file data-v7.cif (mmCIF, C-alpha atoms and all ligand atoms)
data_query
#
loop_
_atom_site.label_atom_id
_atom_site.label_comp_id
_atom_site.auth_asym_id
_atom_site.auth_seq_id
_atom_site.Cartn_x
_atom_site.Cartn_y
_atom_site.Cartn_z
CA MET A 91 -30.51 -160.22 70.70
CA SER A 92 -27.38 -162.34 70.84
CA GLY A 93 -27.38 -165.89 69.56
CA SER A 94 -29.13 -167.55 66.65
CA ILE A 95 -32.84 -167.79 65.89
CA VAL A 96 -34.27 -171.05 64.56
CA LEU A 97 -37.29 -170.87 62.26
CA PHE A 98 -39.04 -174.16 62.77
CA GLY A 99 -42.09 -175.77 61.15
CA PRO A 100 -43.32 -178.21 58.53
CA PRO A 101 -42.47 -177.86 54.83
CA GLY A 102 -44.42 -174.97 53.34
CA ALA A 103 -45.31 -173.47 56.73
CA GLY A 104 -44.04 -170.09 55.57
CA LYS A 105 -40.50 -170.08 56.98
CA GLY A 106 -38.93 -168.61 53.85
CA THR A 107 -41.79 -166.14 53.42
CA GLN A 108 -41.22 -164.74 56.92
CA ALA A 109 -37.42 -164.93 56.93
CA GLY A 110 -36.88 -161.65 55.04
CA ARG A 111 -38.92 -159.71 57.57
CA ILE A 112 -37.03 -161.28 60.47
CA THR A 113 -33.60 -160.53 59.00
CA VAL A 114 -34.63 -156.86 58.63
CA LEU A 115 -35.87 -156.83 62.22
CA THR A 116 -32.85 -158.54 63.77
CA GLY A 117 -30.01 -157.91 61.32
CA LYS A 118 -29.14 -161.60 61.39
CA PRO A 119 -28.18 -163.24 58.10
CA TRP A 120 -30.68 -165.76 56.71
CA VAL A 121 -29.20 -169.25 56.45
CA SER A 122 -31.45 -171.75 54.65
CA THR A 123 -30.16 -175.31 54.30
CA GLY A 124 -32.71 -175.93 51.53
CA ASP A 125 -31.29 -172.99 49.53
CA MET A 126 -27.71 -174.15 50.21
CA LEU A 127 -28.54 -177.65 48.97
CA ARG A 128 -30.36 -176.34 45.86
CA ALA A 129 -27.30 -174.17 45.08
CA ALA A 130 -25.07 -177.27 45.40
CA VAL A 131 -27.39 -179.22 43.07
CA ALA A 132 -27.36 -176.37 40.51
CA ALA A 133 -23.55 -176.19 40.69
CA GLY A 134 -23.33 -179.94 40.06
CA SER A 135 -21.03 -180.43 43.05
CA GLU A 136 -20.43 -183.84 44.62
CA LEU A 137 -22.50 -182.80 47.63
CA GLY A 138 -25.32 -181.60 45.38
CA THR A 139 -25.35 -184.82 43.39
CA GLU A 140 -25.56 -186.86 46.58
CA ALA A 141 -28.29 -184.66 48.10
CA LYS A 142 -30.51 -184.48 45.00
CA GLY A 143 -31.89 -188.01 45.25
CA TYR A 144 -33.03 -187.43 48.83
CA MET A 145 -34.56 -184.04 48.03
CA ASP A 146 -36.44 -185.29 44.97
CA ALA A 147 -37.87 -188.14 47.05
CA GLY A 148 -38.92 -185.81 49.88
CA LEU A 149 -36.50 -187.43 52.33
CA LEU A 150 -34.10 -185.73 54.72
CA VAL A 151 -30.52 -185.49 53.50
CA PRO A 152 -28.35 -187.57 55.90
CA ASP A 153 -27.14 -185.80 59.04
CA GLY A 154 -23.47 -186.38 58.16
CA ILE A 155 -23.80 -184.23 55.02
CA ILE A 156 -25.98 -181.48 56.41
CA ILE A 157 -24.12 -181.00 59.71
CA GLY A 158 -20.82 -180.47 57.85
CA LEU A 159 -22.50 -177.89 55.62
CA ILE A 160 -23.94 -175.85 58.48
CA VAL A 161 -20.86 -176.03 60.70
CA GLU A 162 -18.80 -174.62 57.82
CA ARG A 163 -21.36 -171.85 57.18
CA LEU A 164 -21.42 -170.79 60.82
CA GLN A 165 -17.66 -170.16 60.71
CA HIS A 166 -18.14 -167.23 58.29
CA ASP A 167 -17.55 -163.74 59.76
CA ASP A 168 -21.18 -162.64 59.27
CA ALA A 169 -22.34 -165.45 61.57
CA SER A 170 -20.38 -164.26 64.60
CA SER A 171 -23.42 -162.60 66.28
CA GLY A 172 -25.80 -165.38 65.33
CA VAL A 173 -27.90 -166.18 62.26
CA LEU A 174 -31.49 -166.89 61.30
CA LEU A 175 -31.65 -170.62 60.64
CA ASP A 176 -34.38 -171.73 58.21
CA GLY A 177 -34.78 -175.49 57.79
CA TYR A 178 -32.06 -176.47 60.29
CA PRO A 179 -32.02 -178.37 62.60
CA ARG A 180 -34.41 -181.12 61.50
CA THR A 181 -33.23 -183.99 63.71
CA ILE A 182 -32.01 -184.28 67.29
CA PRO A 183 -28.41 -185.07 66.14
CA GLN A 184 -28.50 -181.88 64.02
CA ALA A 185 -29.65 -179.87 67.04
CA GLU A 186 -26.95 -181.41 69.22
CA ALA A 187 -24.30 -180.56 66.62
CA LEU A 188 -25.65 -177.00 66.44
CA SER A 189 -25.42 -176.57 70.20
CA GLU A 190 -21.68 -177.28 69.98
CA VAL A 191 -20.98 -174.44 67.53
CA ALA A 192 -23.69 -171.83 68.24
CA VAL A 193 -26.00 -170.49 70.91
CA VAL A 194 -29.69 -170.75 70.04
CA SER A 195 -31.60 -167.91 71.70
CA THR A 196 -35.12 -168.48 70.31
CA VAL A 197 -37.00 -171.08 68.29
CA ILE A 198 -40.00 -169.75 66.36
CA SER A 199 -42.32 -172.61 65.45
CA ILE A 200 -44.85 -171.83 62.69
CA GLU A 201 -47.70 -174.30 63.09
CA VAL A 202 -49.86 -175.15 60.07
CA SER A 203 -52.24 -178.06 59.39
CA ASP A 204 -51.20 -180.75 56.88
CA ASP A 205 -54.06 -179.98 54.45
CA ALA A 206 -53.09 -176.32 54.29
CA ILE A 207 -49.45 -177.34 53.71
CA VAL A 208 -50.28 -179.35 50.60
CA GLU A 209 -52.28 -176.45 49.13
CA ARG A 210 -49.48 -173.99 49.88
CA ILE A 211 -46.71 -176.13 48.39
CA VAL A 212 -48.52 -177.18 45.23
CA GLY A 213 -49.36 -173.52 44.48
CA ARG A 214 -45.90 -172.12 45.27
CA ARG A 215 -43.91 -170.38 42.53
CA MET A 216 -40.34 -169.07 42.90
CA ASP A 217 -38.57 -166.18 41.20
CA PRO A 218 -35.09 -167.47 40.25
CA GLU A 219 -33.76 -163.92 39.81
CA THR A 220 -34.70 -162.46 43.20
CA GLY A 221 -35.51 -165.54 45.31
CA GLY A 222 -39.05 -164.16 45.71
CA ILE A 223 -41.63 -166.66 46.99
CA TYR A 224 -45.17 -166.44 45.61
CA HIS A 225 -48.37 -168.44 45.64
CA VAL A 226 -50.82 -168.61 42.76
CA SER A 227 -53.74 -167.74 45.11
CA PHE A 228 -52.39 -166.58 48.49
CA ASN A 229 -49.56 -164.32 47.32
CA PRO A 230 -49.95 -163.77 43.57
CA PRO A 231 -46.86 -162.53 41.73
CA PRO A 232 -46.86 -159.11 40.01
CA PRO A 233 -47.40 -159.41 36.24
CA GLU A 234 -43.84 -158.26 35.40
CA VAL A 235 -42.26 -161.35 37.05
CA SER A 236 -44.90 -163.95 36.09
CA GLY A 237 -43.10 -165.05 32.93
CA ARG A 238 -39.91 -166.12 34.71
CA LEU A 239 -41.36 -167.98 37.70
CA ILE A 240 -40.48 -171.61 38.30
CA GLN A 241 -41.93 -174.44 40.35
CA ARG A 242 -39.51 -176.39 42.59
CA GLU A 243 -39.03 -180.01 41.50
CA ASP A 244 -40.10 -181.26 44.94
CA ASP A 245 -43.27 -179.13 44.98
CA ASN A 246 -45.68 -181.85 43.89
CA GLU A 247 -48.32 -183.57 45.97
CA GLN A 248 -46.58 -186.96 46.30
CA THR A 249 -43.27 -185.48 47.39
CA VAL A 250 -45.01 -183.12 49.80
CA ARG A 251 -46.68 -186.08 51.49
CA ASN A 252 -43.24 -187.70 51.93
CA ARG A 253 -41.81 -184.44 53.27
CA LEU A 254 -44.67 -184.20 55.75
CA SER A 255 -44.04 -187.80 56.92
CA ALA A 256 -40.35 -187.01 57.38
CA TYR A 257 -41.33 -183.89 59.32
CA HIS A 258 -43.72 -185.71 61.68
CA GLU A 259 -41.36 -188.65 62.28
CA GLN A 260 -37.94 -187.00 62.44
CA THR A 261 -38.36 -183.25 62.95
CA ALA A 262 -41.48 -182.63 65.07
CA PRO A 263 -39.90 -184.24 68.20
CA LEU A 264 -37.43 -181.35 68.20
CA ALA A 265 -40.23 -178.98 69.23
CA GLU A 266 -40.48 -180.75 72.59
CA TRP A 267 -36.67 -180.80 72.85
CA TYR A 268 -36.54 -177.01 72.51
CA ALA A 269 -39.68 -176.49 74.62
CA GLN A 270 -37.97 -178.24 77.51
CA MET A 271 -35.13 -175.74 77.22
CA GLY A 272 -37.64 -172.88 77.39
CA LEU A 273 -36.72 -171.67 73.89
CA LEU A 274 -39.83 -172.54 71.84
CA ILE A 275 -42.35 -169.89 70.80
CA SER A 276 -45.37 -171.30 68.91
CA ILE A 277 -47.01 -169.16 66.24
CA ASN A 278 -50.36 -169.95 64.62
CA GLY A 279 -49.45 -170.23 60.93
CA ASN A 280 -53.04 -170.79 59.79
CA ALA A 281 -53.45 -167.08 59.18
CA SER A 282 -52.57 -164.57 56.48
CA ILE A 283 -48.91 -163.87 55.66
CA ASP A 284 -49.16 -160.43 57.31
CA GLU A 285 -50.85 -161.76 60.44
CA VAL A 286 -48.18 -164.45 60.86
CA GLY A 287 -45.46 -161.84 60.32
CA MET A 288 -46.93 -159.54 62.96
CA ALA A 289 -47.25 -162.40 65.45
CA ILE A 290 -43.58 -163.31 64.93
CA GLU A 291 -42.54 -159.67 65.27
CA GLU A 292 -44.45 -159.37 68.53
CA ALA A 293 -42.95 -162.59 69.87
CA LEU A 294 -39.43 -161.50 68.95
CA SER A 295 -39.85 -157.98 70.33
CA GLY A 296 -40.15 -159.53 73.78
CA ALA A 297 -36.87 -161.31 73.23
CA LEU A 298 -34.92 -158.51 71.49
P1 LIG B 1 -36.40 -176.75 52.32
O1 LIG B 1 -36.09 -175.92 51.17
O2 LIG B 1 -35.97 -176.33 53.67
O3 LIG B 1 -37.93 -177.05 52.27
P2 LIG B 1 -39.03 -177.17 53.42
O4 LIG B 1 -38.68 -177.20 54.84
O5 LIG B 1 -39.76 -178.31 52.92
O6 LIG B 1 -39.65 -175.80 53.44
P3 LIG B 1 -40.16 -175.03 52.24
O7 LIG B 1 -39.06 -174.19 51.64
O8 LIG B 1 -40.84 -175.98 51.32
O9 LIG B 1 -41.29 -174.12 52.90
P4 LIG B 1 -41.31 -172.80 53.78
O10 LIG B 1 -41.70 -173.12 55.17
O11 LIG B 1 -40.06 -171.99 53.57
O12 LIG B 1 -42.57 -172.11 53.10
P5 LIG B 1 -42.64 -170.85 52.10
O13 LIG B 1 -42.37 -169.61 52.85
O14 LIG B 1 -41.89 -171.09 50.85
O15 LIG B 1 -35.81 -178.23 52.13
C1 LIG B 1 -35.95 -178.91 50.90
C2 LIG B 1 -35.30 -180.28 51.02
O16 LIG B 1 -33.90 -180.14 51.33
C3 LIG B 1 -35.86 -181.17 52.15
O17 LIG B 1 -36.99 -181.90 51.73
C4 LIG B 1 -34.65 -182.07 52.43
O18 LIG B 1 -34.53 -183.09 51.45
C5 LIG B 1 -33.48 -181.13 52.27
N1 LIG B 1 -33.08 -180.47 53.53
C6 LIG B 1 -33.09 -179.14 53.79
N2 LIG B 1 -32.66 -178.89 55.02
C7 LIG B 1 -32.36 -180.11 55.57
C8 LIG B 1 -31.89 -180.51 56.85
N3 LIG B 1 -31.62 -179.61 57.84
N4 LIG B 1 -31.71 -181.83 57.06
C9 LIG B 1 -31.95 -182.74 56.10
N5 LIG B 1 -32.41 -182.42 54.87
C10 LIG B 1 -32.61 -181.10 54.61
O19 LIG B 1 -44.23 -170.88 51.79
C11 LIG B 1 -44.80 -171.95 51.06
C12 LIG B 1 -45.94 -171.40 50.19
O20 LIG B 1 -47.00 -170.96 51.03
C13 LIG B 1 -45.55 -170.19 49.32
O21 LIG B 1 -46.21 -170.30 48.09
C14 LIG B 1 -46.06 -168.98 50.11
O22 LIG B 1 -46.41 -167.90 49.26
C15 LIG B 1 -47.28 -169.57 50.81
N6 LIG B 1 -47.52 -169.00 52.13
C16 LIG B 1 -46.57 -168.72 53.09
N7 LIG B 1 -47.18 -168.26 54.21
C17 LIG B 1 -48.53 -168.27 53.95
C18 LIG B 1 -49.70 -167.91 54.71
N8 LIG B 1 -49.59 -167.46 55.97
N9 LIG B 1 -50.92 -168.07 54.13
C19 LIG B 1 -51.03 -168.55 52.86
N10 LIG B 1 -49.97 -168.90 52.08
C20 LIG B 1 -48.73 -168.76 52.63
#
call {"tool": "encode", "arguments": {"input": "data-v7.cif", "output": "structure tokens", "more": "lines below"}}
Ligand code: AP5
result
Amino acid sequence: MSGSIVLFGPPGAGKGTQAGRITVLTGKPWVSTGDMLRAAVAAGSELGTEAKGYMDAGLLVPDGIIIGLIVERLQHDDASSGVLLDGYPRTIPQAEALSEVAVVSTVISIEVSDDAIVERIVGRRMDPETGGIYHVSFNPPPPEVSGRLIQREDDNEQTVRNRLSAYHEQTAPLAEWYAQMGLLISINGNASIDEVGMAIEEALSGAL
């Protein structure tokens, strides 16, 4: 499949969890704006310092910052046949900017109810060494990694509620935008990790 794939959905829908499987299936590199921003925060860069306040509050980082970041990333050699975008675009201006530098071939929208989102995010644990994503109940970590797991600073109930508001107000309208272009494929995310993965695989196999 030529072009880029957008993984779309609310915070905690399971975008990161499914991304590994999709990169194996398609060979497209996984580009996560959340991971890029967290790396900038950890590095203490100017961009990271500016973004941190928005991320901690559960607000979207301003378009001017995020668009520059993604446009630069898409110029790398490994992006020439398209990438798997996780967490971008999140506003119409971001989508418009993307359309100027890349061709979007498919948008996979993982749909999950708000109540399930809160439960997923509050129970999420991350492995800083491998990037592995776990959940205390739904995807328990193996004992050998348990000791090193961390919880993201924005994975608390208050911040999740803010992230959900930002999603409904600023990001959800993009689904209609992409639907009108005939690019949106909706996946029921209120199912097990494997079931969601298989549904995505089936949807993509029609497009590959
Ligand atoms: P980002 O890192 O992109 O966070 P997000 O969109 O809020 O998404 P998450 O990473 O929280 O969730 P996910 O969908 O990947 O779910 P996961 O697979 O981990 O962004 C963070 C912040 O950066 C934003 O708030 C914003 O400030 C800023 N930002 C980033 N991009 C931006 C942009 N483009 N514009 C502006 N600002 C931007 O799964 C979650 C949990 O659920 C895990 O514990 C997992 O094990 C579990 N789980 C997954 N699937 C299932 C399932 N099917 N059943 C049960 N549990 C499941």
call {"tool": "axis_aligned_box", "arguments": {"input": "data-v7.cif", "around": "segment 284-293 of chain A", "padding_each_side": "6 Å", "output": "AutoDock Vina command-line options"}}
result
--center_x -46.7 --center_y -161.9 --center_z 63.6 --size_x 20.3 --size_y 17.1 --size_z 24.6
call {"tool": "residues_around", "arguments": {"input": "data-v7.cif", "residues": "segment 195-204 of chain A", "least_positions_apart": "2", "cutoff": "6 Å", "atoms": "all atoms listed in the file", "output": "PDB file with C-alpha atoms, in the frame of the given file"}}
result
ATOM      1  CA  GLY A  93     -27.380-165.890  69.560  1.00  0.00           C
ATOM      2  CA  SER A  94     -29.130-167.550  66.650  1.00  0.00           C
ATOM      3  CA  ILE A  95     -32.840-167.790  65.890  1.00  0.00           C
ATOM      4  CA  VAL A  96     -34.270-171.050  64.560  1.00  0.00           C
ATOM      5  CA  LEU A  97     -37.290-170.870  62.260  1.00  0.00           C
ATOM      6  CA  PHE A  98     -39.040-174.160  62.770  1.00  0.00           C
ATOM      7  CA  GLY A  99     -42.090-175.770  61.150  1.00  0.00           C
ATOM      8  CA  ALA A 103     -45.310-173.470  56.730  1.00  0.00           C
ATOM      9  CA  ALA A 206     -53.090-176.320  54.290  1.00  0.00           C
ATOM     10  CA  ILE A 207     -49.450-177.340  53.710  1.00  0.00           C
ATOM     11  CA  LEU A 273     -36.720-171.670  73.890  1.00  0.00           C
ATOM     12  CA  LEU A 274     -39.830-172.540  71.840  1.00  0.00           C
ATOM     13  CA  ILE A 275     -42.350-169.890  70.800  1.00  0.00           C
ATOM     14  CA  SER A 276     -45.370-171.300  68.910  1.00  0.00           C
ATOM     15  CA  ILE A 277     -47.010-169.160  66.240  1.00  0.00           C
ATOM     16  CA  ASN A 278     -50.360-169.950  64.620  1.00  0.00           C
ATOM     17  CA  GLY A 279     -49.450-170.230  60.930  1.00  0.00           C
ATOM     18  CA  ASN A 280     -53.040-170.790  59.790  1.00  0.00           C
TER      19      ASN A 280
END
call {"tool": "residues_near_ligand", "arguments": {"input": "data-v7.cif", "ligand": "ligand LIG 1 (chain B)", "cutoff": "7 Å", "atoms": "only C-alpha atoms and all ligand atoms", "output": "PyMOL selection string"}}
result
chain A and resi 99-108+122-125+127+144-145+148-153+156+176-180+210-211+213-215+223-225+228-229+253+279-283+286
call {"tool": "closest_residue", "arguments": {"input": "data-v7.cif", "among": "A:Glu292, A:Glu140, A:Asp244, A:Glu190", "to": "Val161 of chain A", "atoms": "only C-alpha atoms"}}
result
A:Glu190
call {"tool": "atom_distance", "arguments": {"input": "data-v7.cif", "atom1": "atom CA of Glu219 of chain A", "atom2": "atom CA of Gly158 of chain A"}}
result
27.7 Å
call {"tool": "atom_distance", "arguments": {"input": "data-v7.cif", "atom1": "atom CA of Glu162 of chain A", "atom2": "atom CA of Ala192 of chain A"}}
result
11.8 Å
call {"tool": "atom_distance", "arguments": {"input": "data-v7.cif", "atom1": "atom CA of Ser170 of chain A", "atom2": "atom CA of Leu294 of chain A"}}
result
19.7 Å
call {"tool": "residues_around", "arguments": {"input": "data-v7.cif", "residues": "Thr181 of chain A", "least_positions_apart": "6", "cutoff": "8 Å", "atoms": "only C-alpha atoms", "output": "PyMOL selection string"}}
result
chain A and resi 153+260-261+264
call {"tool": "closest_residue", "arguments": {"input": "data-v7.cif", "among": "A:Glu285, A:Asp217, A:Glu136, A:Asp205", "to": "Val250 of chain A", "atoms": "all atoms listed in the file"}}
result
A:Asp205
call {"tool": "residues_around", "arguments": {"input": "data-v7.cif", "residues": "Thr220 of chain A", "least_positions_apart": "2", "cutoff": "12 Å", "atoms": "all atoms listed in the file", "output": "PyMOL selection string"}}
result
chain A and resi 216-218+222-224+235+238-240
call {"tool": "closest_residue", "arguments": {"input": "data-v7.cif", "among": "A:Ala130, A:Leu174, A:Ala256, A:Ala289", "to": "Lys142 of chain A", "atoms": "all atoms listed in the file"}}
result
A:Ala130
call {"tool": "residues_around", "arguments": {"input": "data-v7.cif", "residues": "Ile182 of chain A", "least_positions_apart": "6", "cutoff": "12 Å", "atoms": "all atoms listed in the file", "output": "list in words"}}
result
Asp153, Ile157, Leu188, Ser189, Glu259, Gln260, Thr261, Ala262, Pro263, Leu264, Ala265, Glu266, Trp267 and Tyr268 of chain A
